[in-house]
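**Student:** Sharing a structure, written as structure tokens. Questions coming.
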Amino acid sequence: MAGTRTSITDQLRAMKVGNEVDADKRTVQAETKAGAEAESSRRVDEKTNSLPSLPPVDVFALPPALDSSKRLAYCEAAIMRADRETELETERITQQYLLWVGEPYCLVRDEELFREAGYETFDAWGRALNGRSGDYMNKVIRIAPVVQALSSVTRRQLKEQPLRPLVSVQRDHGDDAVRECWRKAETAGDLTERGLRHAAAELGYKTAPQPSTPAAVPAPRALTASTLLNLPRLKKLAATDPAQALTLCRNLREELDTLERDLASRTITNTPAAEPPQT
């Protein structure tokens, strides 16, 4: 009698997953309530292989023309359209991300909530959480109100530097002023930091200058006689040509004596004279 074959689909349906597995056979137990809820949602997605409200997929349609040149033009147009649509969607996602994380970052920083997780600084907490530095998170906090004000009119220009002039405009004059500055700069075709600052000035909105971070000056390296004179090389020369090494040492000593006298005289000349005692 021929046996019956169970399809892979039927086998998968018969398998127990997640919390369906008996408690004593589970390899991972639920850690937290929030984690359990997220895990439960993920398992539902895995079972259905779909997400709620997922937009329909737009696939490429083959060109109707048979002519090679027209087919090429059709394909090139499809690729350029894909590039434009992807850029717009990336800007939309980036904008949404900034609006999602701006306020949480601000709360953690201002209320020093990072100390609850055992971190001494905001920067250390961010790097441990998702690899974000304190500088990045502070920039997000700074421009999040501006991004929110512009969310109804644009998805463009989501970087911190070009939006700097609008930070003080939003703080002092509100969202409508931000949108007004944006539209004026957009009309002028200059959505750079300079263009937005110029638009704000023309509209009568003062913009606070961005505090500049002074460049770190590297500490001078400590110099020693051995690094200045390259004594190791001189010793190697002495091993192969003692006479030449001796001549170099004597010449070097004479030059050092001359330099030492010159430096000593400069030090004495530049030393301020002592003030006479007051009577």
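Simple scheme: letters A, B, ... for chains in structure tokens order, numbers from 1 for residues in each chain, numbers from 1 for ligands in the order shown.
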I'd like the contact shell of Leu129 of chain A - 12 Å cut-off, only C-alpha atoms, skipping same-chain residues fewer than 6 positions apart - returned as a list in words.

**Tutor:**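 The contact residues come out as Tyr105, Phe114, Ala117, Tyr119, Phe122, Asp123 and Met137 of chain A.
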
**Student:** Those residues with all heavy atoms, as a PDB file, in the first residue's frame please?

**Tutor:**
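What follows is the written file part_4.pdb:
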```pdb
ATOM      1  N   TYR A 105      14.749  61.485  23.335  1.00  0.00           N
ATOM      2  CA  TYR A 105      16.130  61.873  23.597  1.00  0.00           C
ATOM      3  C   TYR A 105      16.188  63.049  24.564  1.00  0.00           C
ATOM      4  O   TYR A 105      17.003  63.089  25.491  1.00  0.00           O
ATOM      5  CB  TYR A 105      16.820  62.275  22.293  1.00  0.00           C
ATOM      6  CG  TYR A 105      17.328  61.125  21.456  1.00  0.00           C
ATOM      7  CD1 TYR A 105      17.500  61.277  20.077  1.00  0.00           C
ATOM      8  CD2 TYR A 105      17.652  59.899  22.022  1.00  0.00           C
ATOM      9  CE1 TYR A 105      17.968  60.227  19.296  1.00  0.00           C
ATOM     10  CE2 TYR A 105      18.121  58.852  21.251  1.00  0.00           C
ATOM     11  CZ  TYR A 105      18.280  59.024  19.888  1.00  0.00           C
ATOM     12  OH  TYR A 105      18.748  57.992  19.119  1.00  0.00           O
ATOM     13  N   PHE A 114      19.348  58.597  31.951  1.00  0.00           N
ATOM     14  CA  PHE A 114      20.372  57.613  31.615  1.00  0.00           C
ATOM     15  C   PHE A 114      21.048  57.052  32.854  1.00  0.00           C
ATOM     16  O   PHE A 114      21.600  55.944  32.832  1.00  0.00           O
ATOM     17  CB  PHE A 114      21.417  58.237  30.683  1.00  0.00           C
ATOM     18  CG  PHE A 114      21.979  59.543  31.168  1.00  0.00           C
ATOM     19  CD1 PHE A 114      23.027  59.589  32.066  1.00  0.00           C
ATOM     20  CD2 PHE A 114      21.457  60.751  30.710  1.00  0.00           C
ATOM     21  CE1 PHE A 114      23.548  60.798  32.500  1.00  0.00           C
ATOM     22  CE2 PHE A 114      21.962  61.964  31.149  1.00  0.00           C
ATOM     23  CZ  PHE A 114      23.008  61.985  32.049  1.00  0.00           C
ATOM     24  N   ALA A 117      19.980  53.661  34.079  1.00  0.00           N
ATOM     25  CA  ALA A 117      20.546  52.487  33.424  1.00  0.00           C
ATOM     26  C   ALA A 117      22.008  52.272  33.802  1.00  0.00           C
ATOM     27  O   ALA A 117      22.660  51.374  33.264  1.00  0.00           O
ATOM     28  CB  ALA A 117      20.418  52.617  31.907  1.00  0.00           C
ATOM     29  N   TYR A 119      24.535  54.646  33.575  1.00  0.00           N
ATOM     30  CA  TYR A 119      25.507  55.390  32.773  1.00  0.00           C
ATOM     31  C   TYR A 119      25.725  56.780  33.361  1.00  0.00           C
ATOM     32  O   TYR A 119      24.781  57.430  33.819  1.00  0.00           O
ATOM     33  CB  TYR A 119      25.037  55.504  31.327  1.00  0.00           C
ATOM     34  CG  TYR A 119      24.968  54.163  30.631  1.00  0.00           C
ATOM     35  CD1 TYR A 119      23.764  53.464  30.537  1.00  0.00           C
ATOM     36  CD2 TYR A 119      26.110  53.575  30.108  1.00  0.00           C
ATOM     37  CE1 TYR A 119      23.698  52.223  29.923  1.00  0.00           C
ATOM     38  CE2 TYR A 119      26.054  52.328  29.482  1.00  0.00           C
ATOM     39  CZ  TYR A 119      24.843  51.666  29.396  1.00  0.00           C
ATOM     40  OH  TYR A 119      24.785  50.430  28.806  1.00  0.00           O
ATOM     41  N   PHE A 122      25.120  61.119  29.075  1.00  0.00           N
ATOM     42  CA  PHE A 122      24.134  60.948  28.003  1.00  0.00           C
ATOM     43  C   PHE A 122      24.776  60.264  26.805  1.00  0.00           C
ATOM     44  O   PHE A 122      24.175  59.395  26.162  1.00  0.00           O
ATOM     45  CB  PHE A 122      23.607  62.334  27.625  1.00  0.00           C
ATOM     46  CG  PHE A 122      22.501  62.347  26.607  1.00  0.00           C
ATOM     47  CD1 PHE A 122      21.406  61.508  26.718  1.00  0.00           C
ATOM     48  CD2 PHE A 122      22.546  63.238  25.536  1.00  0.00           C
ATOM     49  CE1 PHE A 122      20.380  61.529  25.783  1.00  0.00           C
ATOM     50  CE2 PHE A 122      21.525  63.269  24.601  1.00  0.00           C
ATOM     51  CZ  PHE A 122      20.447  62.408  24.722  1.00  0.00           C
ATOM     52  N   ASP A 123      26.012  60.639  26.502  1.00  0.00           N
ATOM     53  CA  ASP A 123      26.723  60.056  25.379  1.00  0.00           C
ATOM     54  C   ASP A 123      26.939  58.556  25.565  1.00  0.00           C
ATOM     55  O   ASP A 123      26.694  57.768  24.644  1.00  0.00           O
ATOM     56  CB  ASP A 123      28.075  60.764  25.209  1.00  0.00           C
ATOM     57  CG  ASP A 123      28.915  60.165  24.103  1.00  0.00           C
ATOM     58  OD1 ASP A 123      28.710  60.551  22.932  1.00  0.00           O
ATOM     59  OD2 ASP A 123      29.780  59.315  24.392  1.00  0.00           O
ATOM     60  N   MET A 137      22.579  62.928  19.088  1.00  0.00           N
ATOM     61  CA  MET A 137      21.292  63.048  19.779  1.00  0.00           C
ATOM     62  C   MET A 137      20.964  64.502  20.090  1.00  0.00           C
ATOM     63  O   MET A 137      19.794  64.917  19.986  1.00  0.00           O
ATOM     64  CB  MET A 137      21.317  62.201  21.055  1.00  0.00           C
ATOM     65  CG  MET A 137      21.414  60.709  20.787  1.00  0.00           C
ATOM     66  SD  MET A 137      21.311  59.682  22.278  1.00  0.00           S
ATOM     67  CE  MET A 137      22.855  60.103  23.094  1.00  0.00           C
TER      68      MET A 137
END
```

**Student:** Could you name the residues that touch Ala188 of chain A at 12 Å or less, counting only C-alpha atoms, but leaving out those on the same chain fewer than 6 positions away, as a PyMOL selection string?

**Tutor:** chain A and resi 181-182+194-196+198-199+202

**Student:** If I take atom CA of Trp125 of chain A and atom CA of Val167 of chain A, how far is one from the other in Å, to one decimal?

**Tutor:**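 Taking atom CA of Trp125 of chain A as the start and atom CA of Val167 of chain A as the end point, the length is 25.4 Å.
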
**Student:** May I have all residues of segment 35-186 of chain A that DSSP, computed from the backbone, assigns to alpha helix (DSSP H), given as a PyMOL selection string?

**Tutor:** chain A and resi 35-48+68-110+122-130+134-150+160-173+175-186

**Student:** Which residues, written as a ChimeraX atom specification, have at least one atom at most 10 Å from Gln95 of chain A, with only C-alpha atoms counted and residues fewer than 3 positions away on the same chain left out?

**Tutor:** /A:89-92,98-100,144,147-148,150-151,154-159

**Student:** Take the residues that were just selected and, keeping N, CA, C and O atoms, output them as an mmCIF file, in the first residue's frame.

**Tutor:**
```cif
data_model
loop_
_atom_site.group_PDB
_atom_site.id
_atom_site.type_symbol
_atom_site.label_atom_id
_atom_site.label_comp_id
_atom_site.auth_asym_id
_atom_site.auth_seq_id
_atom_site.Cartn_x
_atom_site.Cartn_y
_atom_site.Cartn_z
ATOM 1 N N GLU A 89 10.844 58.505 -0.441
ATOM 2 C CA GLU A 89 10.438 57.636 0.652
ATOM 3 C C GLU A 89 11.478 57.620 1.763
ATOM 4 O O GLU A 89 11.133 57.594 2.952
ATOM 5 N N THR A 90 12.741 57.670 1.380
ATOM 6 C CA THR A 90 13.806 57.735 2.391
ATOM 7 C C THR A 90 13.708 59.016 3.200
ATOM 8 O O THR A 90 13.884 59.013 4.431
ATOM 9 N N GLU A 91 13.428 60.128 2.536
ATOM 10 C CA GLU A 91 13.275 61.397 3.246
ATOM 11 C C GLU A 91 12.074 61.350 4.179
ATOM 12 O O GLU A 91 12.117 61.880 5.288
ATOM 13 N N ARG A 92 10.994 60.702 3.723
ATOM 14 C CA ARG A 92 9.812 60.592 4.583
ATOM 15 C C ARG A 92 10.120 59.772 5.829
ATOM 16 O O ARG A 92 9.749 60.147 6.944
ATOM 17 N N LEU A 98 13.068 61.201 12.986
ATOM 18 C CA LEU A 98 13.473 62.344 13.806
ATOM 19 C C LEU A 98 12.349 62.777 14.740
ATOM 20 O O LEU A 98 12.594 63.145 15.895
ATOM 21 N N LEU A 99 11.111 62.713 14.249
ATOM 22 C CA LEU A 99 9.976 63.103 15.086
ATOM 23 C C LEU A 99 9.697 62.059 16.161
ATOM 24 O O LEU A 99 9.183 62.378 17.227
ATOM 25 N N TRP A 100 10.020 60.821 15.882
ATOM 26 C CA TRP A 100 9.816 59.771 16.877
ATOM 27 C C TRP A 100 10.809 59.877 18.033
ATOM 28 O O TRP A 100 10.441 59.703 19.182
ATOM 29 N N ALA A 144 14.403 68.843 15.959
ATOM 30 C CA ALA A 144 13.110 68.140 15.928
ATOM 31 C C ALA A 144 11.923 69.098 15.854
ATOM 32 O O ALA A 144 10.992 68.862 15.073
ATOM 33 N N VAL A 147 11.719 70.320 12.268
ATOM 34 C CA VAL A 147 11.253 69.261 11.372
ATOM 35 C C VAL A 147 9.745 69.069 11.509
ATOM 36 O O VAL A 147 9.029 68.894 10.517
ATOM 37 N N GLN A 148 9.247 69.141 12.733
ATOM 38 C CA GLN A 148 7.810 68.993 12.948
ATOM 39 C C GLN A 148 7.043 70.153 12.318
ATOM 40 O O GLN A 148 5.985 69.960 11.720
ATOM 41 N N LEU A 150 7.894 71.803 9.724
ATOM 42 C CA LEU A 150 7.959 71.699 8.272
ATOM 43 C C LEU A 150 7.301 70.433 7.730
ATOM 44 O O LEU A 150 7.208 70.266 6.516
ATOM 45 N N SER A 151 6.859 69.551 8.617
ATOM 46 C CA SER A 151 6.340 68.256 8.165
ATOM 47 C C SER A 151 5.091 68.387 7.298
ATOM 48 O O SER A 151 4.796 67.496 6.506
ATOM 49 N N THR A 154 6.904 69.916 3.591
ATOM 50 C CA THR A 154 8.047 69.363 2.864
ATOM 51 C C THR A 154 8.559 68.097 3.539
ATOM 52 O O THR A 154 8.295 67.862 4.724
ATOM 53 N N ARG A 155 9.287 67.317 2.764
ATOM 54 C CA ARG A 155 10.016 66.164 3.287
ATOM 55 C C ARG A 155 11.509 66.350 3.066
ATOM 56 O O ARG A 155 12.293 65.472 3.333
ATOM 57 N N ARG A 156 11.890 67.516 2.578
ATOM 58 C CA ARG A 156 13.271 67.743 2.191
ATOM 59 C C ARG A 156 14.073 68.359 3.334
ATOM 60 O O ARG A 156 13.538 68.807 4.338
ATOM 61 N N GLN A 157 15.377 68.364 3.123
ATOM 62 C CA GLN A 157 16.337 69.052 3.977
ATOM 63 C C GLN A 157 16.170 68.691 5.451
ATOM 64 O O GLN A 157 15.676 69.477 6.261
ATOM 65 N N LEU A 158 16.610 67.507 5.793
ATOM 66 C CA LEU A 158 16.440 67.022 7.159
ATOM 67 C C LEU A 158 17.755 66.986 7.923
ATOM 68 O O LEU A 158 17.820 66.407 8.991
ATOM 69 N N LYS A 159 18.782 67.605 7.383
ATOM 70 C CA LYS A 159 20.058 67.646 8.080
ATOM 71 C C LYS A 159 20.107 68.827 9.034
ATOM 72 O O LYS A 159 19.460 69.855 8.814
#
```

**Student:** Contacts of segment 244-257 of chain A at 12 Å or less, counting only C-alpha atoms, minus same-chain residues fewer than 3 places along, as a ChimeraX atom specification?

**Tutor:** /A:225,228-241,260-264

**Student:** Could you please determine the separation between atom CA of Val140 of chain A and atom CA of Leu54 of chain A in Å, to one decimal place?

**Tutor:**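 So the answer is 28.3 Å.
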
**Student:** Restricting the calculation to only C-alpha atoms: of A:Gly131, A:Glu186, A:Arg171, A:Pro56, which residue gets closest to Ala208 of chain A?

**Tutor:** A:Arg171
